[in-house]
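Below is upload.cif, holding mmCIF, C-alpha atoms.
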```
data_work
loop_
_atom_site.label_atom_id
_atom_site.label_comp_id
_atom_site.auth_asym_id
_atom_site.auth_seq_id
_atom_site.Cartn_x
_atom_site.Cartn_y
_atom_site.Cartn_z
CA MET A 1390 -31.58 81.43 67.66
CA GLU A 1391 -30.99 83.83 64.84
CA SER A 1392 -27.22 83.83 65.34
CA GLU A 1393 -27.16 80.03 65.56
CA ASN A 1394 -28.99 79.75 62.21
CA GLU A 1395 -26.50 82.10 60.64
CA GLU A 1396 -23.60 79.97 61.93
CA GLU A 1397 -25.26 76.84 60.60
CA ILE A 1398 -25.67 78.38 57.15
CA ILE A 1399 -22.04 79.45 57.07
CA THR A 1400 -20.92 75.97 58.14
CA THR A 1401 -23.00 73.98 55.65
CA SER A 1402 -22.73 76.32 52.62
CA PRO A 1403 -19.30 75.05 51.43
CA GLN A 1404 -20.53 71.47 51.72
CA GLU A 1405 -23.58 72.25 49.60
CA LYS A 1406 -21.38 73.90 46.99
CA THR A 1407 -19.11 70.86 46.91
CA MET A 1408 -22.08 68.54 46.47
CA MET A 1409 -23.34 70.67 43.58
CA LEU A 1410 -19.93 70.55 41.90
CA THR A 1411 -19.72 66.78 42.42
CA LYS A 1412 -23.17 66.25 40.92
CA THR A 1413 -22.23 68.50 38.01
CA ARG A 1414 -19.06 66.47 37.36
CA GLN A 1415 -20.93 63.19 37.53
CA TYR A 1416 -23.56 64.45 35.13
CA VAL A 1417 -21.29 65.94 32.44
CA THR A 1418 -18.45 63.39 32.51
CA PRO A 1419 -20.23 60.75 30.32
CA TYR A 1420 -20.68 63.36 27.58
CA LEU A 1421 -17.09 64.60 27.54
CA PRO A 1422 -14.32 63.28 25.25
CA PRO A 1423 -11.69 61.01 26.89
CA PRO A 1424 -8.88 63.65 26.86
CA VAL A 1425 -11.07 66.07 28.79
CA VAL A 1426 -12.08 63.37 31.30
CA LYS A 1427 -8.41 62.49 31.73
CA THR A 1428 -7.56 66.14 32.38
CA ILE A 1429 -10.35 66.44 34.96
CA HIS A 1430 -9.06 63.32 36.76
CA ALA A 1431 -5.50 64.71 36.74
CA ILE A 1432 -6.66 68.02 38.23
CA ASP A 1433 -8.80 66.34 40.89
CA SER A 1434 -5.84 64.10 41.86
CA ASN A 1435 -3.36 66.94 42.15
CA PRO A 1436 -2.73 67.83 45.82
CA VAL A 1437 -2.01 71.44 44.93
CA PHE A 1438 -5.62 71.88 43.74
CA THR A 1439 -7.31 69.56 46.25
CA SER A 1440 -5.89 71.57 49.12
CA TYR A 1441 -8.35 74.32 48.19
CA THR A 1442 -11.44 72.27 47.26
CA THR A 1443 -12.47 68.66 46.78
CA GLU A 1444 -13.74 69.38 43.25
CA PRO A 1445 -11.05 71.62 41.72
CA SER A 1446 -11.79 70.72 38.11
CA MET A 1447 -15.46 71.70 38.38
CA ALA A 1448 -14.57 74.84 40.32
CA ILE A 1449 -12.22 75.88 37.53
CA LEU A 1450 -14.80 75.05 34.86
CA VAL A 1451 -17.62 76.94 36.57
CA SER A 1452 -15.37 79.93 37.20
CA THR A 1453 -14.32 79.97 33.55
CA LEU A 1454 -17.93 79.80 32.35
CA LEU A 1455 -18.91 82.55 34.78
CA CYS A 1456 -16.11 84.79 33.50
CA PHE A 1457 -17.20 84.09 29.93
CA VAL A 1458 -20.79 85.06 30.71
CA VAL A 1459 -19.75 88.23 32.55
CA TRP A 1460 -17.40 89.21 29.72
CA ASN A 1461 -20.15 88.86 27.11
CA VAL A 1462 -22.63 90.77 29.24
CA LEU A 1463 -20.11 93.61 29.59
CA LYS A 1464 -19.55 93.58 25.83
CA ILE A 1465 -23.30 93.88 25.21
CA ILE A 1466 -23.59 96.70 27.74
CA GLY A 1467 -20.61 98.44 26.14
CA ALA A 1468 -22.15 98.15 22.68
CA VAL A 1469 -25.47 99.53 23.90
CA VAL A 1470 -23.88 102.39 25.84
CA GLY A 1471 -21.46 103.09 23.00
CA GLY A 1472 -24.28 103.04 20.47
CA GLY A 1473 -26.22 105.53 22.57
CA LYS A 1474 -23.29 107.92 22.79
CA SER A 1475 -22.15 107.50 19.22
CA THR A 1476 -24.82 109.66 17.70
CA LEU A 1477 -24.35 111.59 14.52
CA HIS A 1478 -21.68 114.28 14.89
CA LEU A 1479 -21.96 116.86 12.13
CA ASP A 1480 -20.35 119.85 13.81
CA ASP A 1481 -17.36 121.00 11.79
CA ALA A 1482 -15.34 121.18 15.02
CA ASP A 1483 -15.50 117.39 15.21
CA ASP A 1484 -13.71 116.78 11.90
CA VAL A 1485 -10.80 114.37 12.19
CA LEU A 1486 -9.09 115.24 8.92
CA ALA A 1487 -7.06 118.07 10.36
CA ASP A 1488 -4.91 118.60 7.29
CA THR A 1489 -7.94 118.71 5.03
CA LEU A 1490 -9.69 121.14 7.33
CA ALA A 1491 -6.66 123.38 7.40
CA THR A 1492 -6.62 123.47 3.63
CA ALA A 1493 -10.34 124.20 3.49
CA LYS A 1494 -10.13 126.95 6.11
CA ASN A 1495 -7.22 128.68 4.41
CA ARG A 1496 -8.59 128.66 0.90
CA GLY A 1497 -9.36 131.91 -0.88
CA LYS A 1498 -11.88 132.61 -3.57
CA ASP A 1499 -9.33 131.60 -6.16
CA GLY A 1500 -8.38 128.45 -4.21
CA SER A 1501 -5.22 129.94 -2.66
CA GLY A 1502 -4.68 130.32 1.09
CA SER A 1503 -6.24 133.32 2.80
CA GLY A 1504 -5.69 132.39 6.43
CA GLY A 1505 -8.34 131.73 9.04
CA SER A 1506 -8.85 130.95 12.69
CA ASP A 1507 -9.74 127.57 14.16
CA LYS A 1508 -13.33 128.76 14.69
CA GLU A 1509 -13.80 129.95 11.14
CA GLU A 1510 -16.80 128.32 9.54
CA ILE A 1511 -16.28 126.17 6.48
CA VAL A 1512 -18.60 127.14 3.68
CA TYR A 1513 -19.70 124.24 1.52
CA ASP A 1514 -22.11 123.95 -1.38
CA ASP A 1515 -23.29 120.36 -1.17
CA THR A 1516 -23.36 117.26 1.04
CA VAL A 1517 -22.63 113.63 0.17
CA VAL A 1518 -23.21 110.74 2.58
CA LEU A 1519 -20.64 107.92 2.54
CA CYS A 1520 -22.02 104.74 4.12
CA GLY A 1521 -21.70 100.96 3.99
CA SER A 1522 -21.13 97.94 6.20
CA THR A 1523 -18.21 97.63 8.62
CA GLY A 1524 -14.82 97.15 6.97
CA SER A 1525 -15.98 98.04 3.46
CA GLY A 1526 -13.43 100.83 3.03
CA LYS A 1527 -15.42 104.00 3.76
CA THR A 1528 -12.82 105.89 5.75
CA ALA A 1529 -10.02 104.95 3.36
CA LEU A 1530 -12.12 106.44 0.55
CA LEU A 1531 -12.71 109.58 2.59
CA TYR A 1532 -8.99 110.12 3.09
CA GLN A 1533 -8.23 109.48 -0.56
CA MET A 1534 -10.87 111.90 -1.80
CA CYS A 1535 -10.09 114.61 0.72
CA GLY A 1536 -6.41 115.00 0.10
CA SER A 1537 -4.34 112.01 1.20
CA ASN A 1538 -0.92 112.04 -0.46
CA GLY A 1539 -1.49 108.62 -1.97
CA GLY A 1540 -1.13 105.10 -0.71
CA LEU A 1541 -3.41 103.25 1.65
CA VAL A 1542 -4.18 105.11 4.88
CA PRO A 1543 -4.43 102.79 7.93
CA THR A 1544 -7.91 103.00 9.47
CA VAL A 1545 -9.78 101.44 12.36
CA MET A 1546 -13.46 100.71 12.95
CA SER A 1547 -15.16 103.97 13.85
CA MET A 1548 -18.10 104.49 16.20
CA LYS A 1549 -18.61 108.11 15.22
CA ALA A 1550 -19.61 109.89 12.04
CA THR A 1551 -16.79 112.07 10.70
CA VAL A 1552 -16.66 114.81 8.12
CA GLY A 1553 -14.29 115.68 5.31
CA TYR A 1554 -14.30 118.23 2.49
CA ILE A 1555 -13.38 118.09 -1.15
CA LYS A 1556 -12.99 121.18 -3.31
CA SER A 1557 -13.26 121.51 -7.06
CA SER A 1558 -13.08 124.59 -9.27
CA SER A 1559 -16.83 125.08 -8.95
CA ALA A 1560 -17.84 123.85 -5.49
CA THR A 1561 -16.82 122.65 -2.04
CA VAL A 1562 -18.56 119.46 -0.94
CA ARG A 1563 -18.96 118.14 2.57
CA ILE A 1564 -18.66 114.34 2.89
CA ILE A 1565 -20.21 112.60 5.90
CA ASP A 1566 -18.48 109.29 6.61
CA TYR A 1567 -21.05 107.32 8.60
CA PRO A 1568 -19.76 104.29 10.56
CA GLY A 1569 -20.98 100.86 9.55
CA HIS A 1570 -21.21 99.30 13.01
CA PRO A 1571 -24.56 97.46 13.35
CA SER A 1572 -25.38 99.24 16.62
CA LEU A 1573 -25.46 102.55 14.72
CA SER A 1574 -27.48 101.47 11.70
CA SER A 1575 -30.73 102.71 13.22
CA GLN A 1576 -29.36 106.26 13.18
CA LEU A 1577 -28.25 106.18 9.53
CA PRO A 1578 -31.56 107.65 8.25
CA THR A 1579 -30.75 110.75 10.30
CA ALA A 1580 -27.54 111.25 8.34
CA LEU A 1581 -29.34 110.65 5.05
CA THR A 1582 -32.08 113.18 5.75
CA SER A 1583 -30.53 115.81 8.01
CA SER A 1584 -29.16 119.22 7.25
CA SER A 1585 -26.71 121.14 9.38
CA LYS A 1586 -27.40 124.45 11.06
CA LYS A 1587 -26.04 126.15 7.99
CA LYS A 1588 -27.49 124.51 4.91
CA GLN A 1589 -27.46 121.67 2.42
CA ASN A 1590 -29.31 118.41 2.74
CA PRO A 1591 -27.52 115.33 1.41
CA THR A 1592 -28.15 115.20 -2.33
CA ARG A 1593 -26.30 112.01 -3.26
CA ILE A 1594 -24.99 108.87 -1.63
CA ILE A 1595 -21.92 106.67 -1.88
CA PHE A 1596 -22.51 103.13 -0.62
CA THR A 1597 -19.41 100.94 -0.23
CA VAL A 1598 -19.23 97.14 -0.47
CA ASP A 1599 -16.12 95.02 0.03
CA SER A 1600 -15.56 93.24 -3.30
CA THR A 1601 -13.48 90.53 -1.57
CA LYS A 1602 -16.25 89.35 0.76
CA PRO A 1603 -19.87 88.15 0.61
CA VAL A 1604 -22.43 90.92 0.16
CA ALA A 1605 -24.96 89.79 2.79
CA ASP A 1606 -24.19 92.53 5.35
CA GLY A 1607 -24.08 95.24 2.71
CA ALA A 1608 -27.33 94.03 1.14
CA GLU A 1609 -29.12 94.10 4.48
CA LEU A 1610 -27.99 97.67 5.17
CA LEU A 1611 -28.88 98.85 1.65
CA TYR A 1612 -32.31 97.24 1.89
CA SER A 1613 -32.96 99.01 5.19
CA ILE A 1614 -32.10 102.34 3.56
CA LEU A 1615 -34.23 101.85 0.47
CA THR A 1616 -37.26 100.69 2.48
CA ASN A 1617 -37.05 103.28 5.25
CA ALA A 1618 -40.23 105.39 5.25
CA THR A 1619 -38.49 108.54 6.56
CA VAL A 1620 -35.75 108.36 3.94
CA ARG A 1621 -38.19 107.72 1.10
CA SER A 1622 -40.40 110.62 2.17
CA PHE A 1623 -37.37 112.89 2.37
CA TRP A 1624 -36.22 111.93 -1.12
CA GLU A 1625 -39.69 112.45 -2.58
CA ASN A 1626 -40.03 115.87 -0.92
CA MET A 1627 -36.59 116.95 -2.06
CA VAL A 1628 -37.26 116.00 -5.68
CA SER A 1629 -40.71 117.60 -5.58
CA LYS A 1630 -39.46 120.78 -3.89
CA ASN A 1631 -36.79 121.28 -6.53
CA ASN A 1632 -39.28 120.58 -9.34
CA ASP A 1633 -36.71 118.10 -10.56
CA THR A 1634 -37.57 115.04 -12.61
CA SER A 1635 -34.16 113.49 -11.92
CA LYS A 1636 -33.61 110.97 -9.13
CA ILE A 1637 -31.31 110.87 -6.11
CA PRO A 1638 -28.11 109.17 -7.32
CA ILE A 1639 -26.63 106.32 -5.30
CA VAL A 1640 -23.25 104.96 -6.40
CA ILE A 1641 -22.42 101.47 -5.16
CA VAL A 1642 -18.63 101.51 -4.83
CA CYS A 1643 -16.98 98.08 -5.00
CA THR A 1644 -13.79 98.62 -3.01
CA LYS A 1645 -10.42 96.82 -2.66
CA GLN A 1646 -10.08 96.07 -6.37
CA ASP A 1647 -6.33 95.67 -5.92
CA VAL A 1648 -6.85 92.44 -3.96
CA LYS A 1649 -6.38 89.25 -5.99
CA ASN A 1650 -9.78 87.69 -5.33
CA ALA A 1651 -11.75 90.94 -5.72
CA LYS A 1652 -14.89 90.79 -7.87
CA ASN A 1653 -15.59 93.53 -10.41
CA TRP A 1654 -18.68 95.71 -10.16
CA LYS A 1655 -20.65 93.59 -12.66
CA ARG A 1656 -20.34 90.45 -10.52
CA MET A 1657 -21.00 92.44 -7.37
CA LYS A 1658 -24.15 93.89 -8.95
CA ILE A 1659 -25.50 90.41 -9.65
CA GLN A 1660 -24.68 89.15 -6.15
CA LEU A 1661 -26.13 92.23 -4.48
CA ARG A 1662 -29.33 92.01 -6.53
CA THR A 1663 -29.69 88.31 -5.65
CA GLU A 1664 -29.18 89.00 -1.95
CA LEU A 1665 -31.64 91.91 -1.96
CA ASP A 1666 -34.19 89.71 -3.70
CA LYS A 1667 -33.81 87.08 -0.96
CA ILE A 1668 -34.35 89.68 1.74
CA ARG A 1669 -37.38 91.07 -0.09
CA LYS A 1670 -39.00 87.63 -0.37
CA VAL A 1671 -38.46 86.95 3.34
CA VAL A 1672 -39.95 90.33 4.27
CA LEU A 1673 -42.94 89.89 1.97
CA LYS A 1674 -43.64 86.40 3.32
CA SER A 1675 -43.33 87.60 6.91
CA THR A 1676 -45.59 90.57 6.20
CA LYS A 1677 -48.21 88.35 4.58
CA ASN A 1678 -48.20 85.97 7.55
CA ASN A 1679 -48.47 88.82 10.05
CA LYS A 1680 -51.36 90.40 8.15
CA SER A 1681 -53.21 87.07 8.05
CA LYS A 1682 -52.66 86.65 11.77
CA ASP A 1683 -53.94 90.17 12.50
CA VAL A 1684 -57.05 89.61 10.38
CA ASN A 1685 -57.78 86.28 12.09
CA GLU A 1686 -57.41 87.93 15.47
CA GLY A 1687 -59.68 90.81 14.48
CA GLY A 1688 -56.90 93.36 13.91
CA GLY A 1689 -56.58 95.85 11.11
CA GLY A 1690 -53.90 93.98 9.21
CA GLY A 1691 -50.94 95.88 10.65
CA GLU A 1692 -48.88 98.73 9.22
CA GLU A 1693 -47.84 98.76 5.61
CA ILE A 1694 -44.33 97.42 5.07
CA LEU A 1695 -42.35 99.15 2.35
CA THR A 1696 -40.56 96.93 -0.13
CA LEU A 1697 -38.61 97.08 -3.38
CA GLY A 1698 -39.43 96.44 -7.00
CA VAL A 1699 -42.53 94.84 -8.44
CA PRO A 1700 -44.03 91.99 -6.38
CA GLY A 1701 -43.81 88.67 -8.17
CA LYS A 1702 -40.92 89.76 -10.38
CA THR A 1703 -37.17 89.50 -9.96
CA LEU A 1704 -35.64 92.61 -8.44
CA ASP A 1705 -34.32 95.07 -11.00
CA PHE A 1706 -32.09 98.00 -9.98
CA GLU A 1707 -33.57 100.01 -12.86
CA LYS A 1708 -37.14 99.39 -11.64
CA LEU A 1709 -37.13 99.65 -7.87
CA GLY A 1710 -40.57 101.24 -7.78
CA GLU A 1711 -42.22 104.55 -8.66
CA ASP A 1712 -42.16 105.63 -5.01
CA ILE A 1713 -38.37 105.27 -4.77
CA PRO A 1714 -36.89 108.31 -6.58
CA VAL A 1715 -33.32 107.00 -6.73
CA SER A 1716 -31.00 105.83 -9.48
CA ILE A 1717 -28.41 103.21 -8.59
CA HIS A 1718 -25.05 102.98 -10.31
CA PHE A 1719 -22.00 100.75 -9.80
CA THR A 1720 -18.27 101.39 -10.00
CA SER A 1721 -15.01 99.71 -8.91
CA VAL A 1722 -12.22 101.48 -7.03
CA SER A 1723 -8.94 100.81 -5.28
CA CYS A 1724 -7.50 103.10 -2.63
CA VAL A 1725 -4.10 101.47 -3.18
CA THR A 1726 -3.70 101.91 -6.93
CA GLY A 1727 -6.11 104.82 -7.28
CA ASP A 1728 -8.14 103.07 -9.99
CA GLY A 1729 -11.61 104.57 -10.28
CA MET A 1730 -10.93 107.43 -7.86
CA ASP A 1731 -11.08 110.19 -10.48
CA ASN A 1732 -14.57 109.13 -11.56
CA LEU A 1733 -15.71 108.93 -7.96
CA LYS A 1734 -14.37 112.40 -7.19
CA GLU A 1735 -16.22 113.74 -10.22
CA PHE A 1736 -19.44 112.27 -8.88
CA VAL A 1737 -18.84 113.78 -5.43
CA THR A 1738 -18.07 117.27 -6.67
CA SER A 1739 -20.57 117.56 -9.52
CA GLY A 1740 -23.02 114.68 -9.25
CA VAL A 1741 -22.06 113.49 -12.72
CA ILE A 1742 -21.96 109.72 -13.20
CA VAL A 1743 -18.87 108.80 -15.20
CA ASP A 1744 -18.98 105.33 -16.74
#
```
Show this structure as structure tokens.
Amino acid sequence: MESENEEEIITTSPQEKTMMLTKTRQYVTPYLPPPVVKTIHAIDSNPVFTSYTTEPSMAILVSTLLCFVVWNVLKIIGAVVGGGKSTLHLDDADDVLADTLATAKNRGKDGSGSGGSDKEEIVYDDTVVLCGSTGSGKTALLYQMCGSNGGLVPTVMSMKATVGYIKSSSATVRIIDYPGHPSLSSQLPTALTSSSKKKQNPTRIIFTVDSTKPVADGAELLYSILTNATVRSFWENMVSKNNDTSKIPIVIVCTKQDVKNAKNWKRMKIQLRTELDKIRKVVLKSTKNNKSKDVNEGGGGGEEILTLGVPGKTLDFEKLGEDIPVSIHFTSVSCVTGDGMDNLKEFVTSGVIVD
């Protein structure tokens, strides 16, 4: 009996599939445009296709949709797996700027070459974090600041933090180029607050925005940095530990100024402030609603959500809040023409803001 049932299932299964495809065709056909209906009729009338199945058009359509779904699932899995593996790499052995590293390893006390092995440690005096949304020009800036011979260096989207070095007459600075891929944004606070095995916490930040595109993605990332509890606590402790009344400097670098439709830093400042204000209002409204819901349900009102500026007032970069010990500055640069690069290098090496 068991074998007979199996044979019956095998015999009727193709018929059931055909009926499902027929029902699907009958259901969707009234909603399709005439050219598509005409194409379906042509496929179903073609003997080449009908020799394989009585509903070739639906079989092709279902197969295509299935492939589309599988492809997107694989992309999601790849992004998740890639995001998990693409953690912050700060070991000097992982640096991709080989020519810059060679220069740094061979430098002497007077800046001339002194030789050195591949395992020789690079001594640096300070750390700067370079971050921003995807495609905003971070890696191009890194190459320009760390010794590119001029011109625009071709780059691709990175899934791994890389490190470069820039040397002045007074100091050698390590620059961490953190990738802007959304799947890695949750790990950015680690780069902003971590120190290597050797020394030097990040003391200043370069945040890039593409001056040829809308600022929404950049604003969202910047807001997440400025309202991150771990990052804020780190900044406060660092300022307090150093008995320093100054704030952590963040330079918003408006890149690609050589492009025709690029906006200068003044326009970008206005747009970024407007976008941050929108995000803040949405967060505040959501927080208020959640707290009301928690109170009505007998909860404690939920955790405190950090925000920016003074509630009820328009966001002001000069008045982000007493608990945010940062100062935000804006500048425009071009990696093609070199405009603004000297001022940016001065900020990296000395922390001085050059207007």
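A straight line drawn from CA of Val1725 in chain A to CA of Ser1525 in chain A is 14.0 Å long.
Listed by chain and then by number, the residues chosen by the PyMOL selection byres ((chain A and resi 1409-1416) around 12) in this file are Ser1402, Pro1403, Gln1404, Glu1405, Lys1406, Thr1407, Met1408, Val1417, Thr1418, Pro1419, Tyr1420, Leu1421, Val1425, Val1426, Ile1429, His1430, Asp1433, Thr1442, Thr1443, Glu1444, Pro1445, Ser1446, Met1447, Ala1448, Ile1449, Leu1450, Val1451 and Ser1452 of chain A.
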Keeping only C-alpha atoms, take the residues you just selected and write them out as a CSV table (one decimal), in the frame of the given file.
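Result file is selection-v1.csv:
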```csv
chain,number,residue,atom,x,y,z
A,1402,SER,CA,-22.7,76.3,52.6
A,1403,PRO,CA,-19.3,75.0,51.4
A,1404,GLN,CA,-20.5,71.5,51.7
A,1405,GLU,CA,-23.6,72.2,49.6
A,1406,LYS,CA,-21.4,73.9,47.0
A,1407,THR,CA,-19.1,70.9,46.9
A,1408,MET,CA,-22.1,68.5,46.5
A,1417,VAL,CA,-21.3,65.9,32.4
A,1418,THR,CA,-18.4,63.4,32.5
A,1419,PRO,CA,-20.2,60.8,30.3
A,1420,TYR,CA,-20.7,63.4,27.6
A,1421,LEU,CA,-17.1,64.6,27.5
A,1425,VAL,CA,-11.1,66.1,28.8
A,1426,VAL,CA,-12.1,63.4,31.3
A,1429,ILE,CA,-10.4,66.4,35.0
A,1430,HIS,CA,-9.1,63.3,36.8
A,1433,ASP,CA,-8.8,66.3,40.9
A,1442,THR,CA,-11.4,72.3,47.3
A,1443,THR,CA,-12.5,68.7,46.8
A,1444,GLU,CA,-13.7,69.4,43.2
A,1445,PRO,CA,-11.0,71.6,41.7
A,1446,SER,CA,-11.8,70.7,38.1
A,1447,MET,CA,-15.5,71.7,38.4
A,1448,ALA,CA,-14.6,74.8,40.3
A,1449,ILE,CA,-12.2,75.9,37.5
A,1450,LEU,CA,-14.8,75.0,34.9
A,1451,VAL,CA,-17.6,76.9,36.6
A,1452,SER,CA,-15.4,79.9,37.2
```
To one decimal place, how far is CA of Val1598 in chain A from CA of Ile1637 in chain A in Å?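 Separating CA of Val1598 in chain A from CA of Ile1637 in chain A is a distance of 19.1 Å.
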Given the file shown, enumerate the residues that the PyMOL selection byres ((chain A and resi 1578) around 8) captures and present them as a ChimeraX atom specification. /A:1575-1577,1579-1582,1614,1617,1619-1620
Written file, previous selection with C-alpha atoms, as a PDB file, in the coordinates of the input:
```pdb
ATOM      1  CA  SER A1575     -30.730 102.710  13.220  1.00  0.00           C
ATOM      2  CA  GLN A1576     -29.360 106.260  13.180  1.00  0.00           C
ATOM      3  CA  LEU A1577     -28.250 106.180   9.530  1.00  0.00           C
ATOM      4  CA  THR A1579     -30.750 110.750  10.300  1.00  0.00           C
ATOM      5  CA  ALA A1580     -27.540 111.250   8.340  1.00  0.00           C
ATOM      6  CA  LEU A1581     -29.340 110.650   5.050  1.00  0.00           C
ATOM      7  CA  THR A1582     -32.080 113.180   5.750  1.00  0.00           C
ATOM      8  CA  ILE A1614     -32.100 102.340   3.560  1.00  0.00           C
ATOM      9  CA  ASN A1617     -37.050 103.280   5.250  1.00  0.00           C
ATOM     10  CA  THR A1619     -38.490 108.540   6.560  1.00  0.00           C
ATOM     11  CA  VAL A1620     -35.750 108.360   3.940  1.00  0.00           C
TER      12      VAL A1620
END
```
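With all atoms listed in the file as the atoms that count, the residue of A:Phe1736, A:Phe1719, A:Ala1651, A:Ile1668 with the shortest distance to Leu1704 in chain A is A:Ile1668.
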Which residue gives the smallest distance to Val1562 in chain A among A:Thr1453, A:Thr1663, A:Thr1597, A:Thr1738, with only C-alpha atoms counted?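 Counting only C-alpha atoms, the residue closest to Val1562 in chain A is A:Thr1738.
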Show which residues sit within 10 Å of range 1705-1709 of chain A, as a list in words. Count all atoms listed in the file, and ignore same-chain residues fewer than 2 positions away. Leu1615, Lys1658, Leu1661, Arg1662, Thr1663, Leu1665, Asp1666, Thr1696, Leu1697, Gly1698, Val1699, Lys1702, Thr1703, Glu1711, Asp1712, Ile1713, Pro1714, Val1715, Ser1716, Ile1717 and His1718 of chain A
Selected residues written out, C-alpha atoms, as a compact mmCIF listing (two decimals), in the frame of the given file:
```txt
# COMPACT_ATOMS: atom_id res chain seq x y z
CA LEU A 1615 -34.23 101.85 0.47
CA LYS A 1658 -24.15 93.89 -8.95
CA LEU A 1661 -26.13 92.23 -4.48
CA ARG A 1662 -29.33 92.01 -6.53
CA THR A 1663 -29.69 88.31 -5.65
CA LEU A 1665 -31.64 91.91 -1.96
CA ASP A 1666 -34.19 89.71 -3.70
CA THR A 1696 -40.56 96.93 -0.13
CA LEU A 1697 -38.61 97.08 -3.38
CA GLY A 1698 -39.43 96.44 -7.00
CA VAL A 1699 -42.53 94.84 -8.44
CA LYS A 1702 -40.92 89.76 -10.38
CA THR A 1703 -37.17 89.50 -9.96
CA GLU A 1711 -42.22 104.55 -8.66
CA ASP A 1712 -42.16 105.63 -5.01
CA ILE A 1713 -38.37 105.27 -4.77
CA PRO A 1714 -36.89 108.31 -6.58
CA VAL A 1715 -33.32 107.00 -6.73
CA SER A 1716 -31.00 105.83 -9.48
CA ILE A 1717 -28.41 103.21 -8.59
CA HIS A 1718 -25.05 102.98 -10.31
```
Would you compute the distance between CA of Lys1670 in chain A and CA of Arg1656 in chain A? Give it in Å to one decimal.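 These two atoms are separated by 21.4 Å.
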Name all residues at most 12 Å from Leu1519 in chain A (count all atoms listed in the file; drop same-chain ones fewer than 4 positions away) and give them as an NGL selection string. :A and (1525-1532 or 1534 or 1550-1553 or 1563-1569 or 1577 or 1580-1581 or 1591-1598 or 1639-1642 or 1733 or 1737)
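Among the candidates A:Ile1555, A:Asn1590, A:Leu1695, A:Pro1422, the residue lying nearest to Ile1511 in chain A is A:Ile1555 (atoms considered: only C-alpha atoms).
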Which of these, A:Ser1557, A:Pro1436, A:Ser1572, A:Val1517, has the shortest distance to Ile1465 in chain A once you count all atoms listed in the file? A:Ser1572
Once the PyMOL selection byres ((chain A and resi 1601-1603) around 12) has been applied to the shown file, what residues remain in the selection, as an NGL selection string? :A and (1522-1526 or 1598-1600 or 1604-1609 or 1643-1654 or 1656-1661 or 1663-1664 or 1721 or 1723)
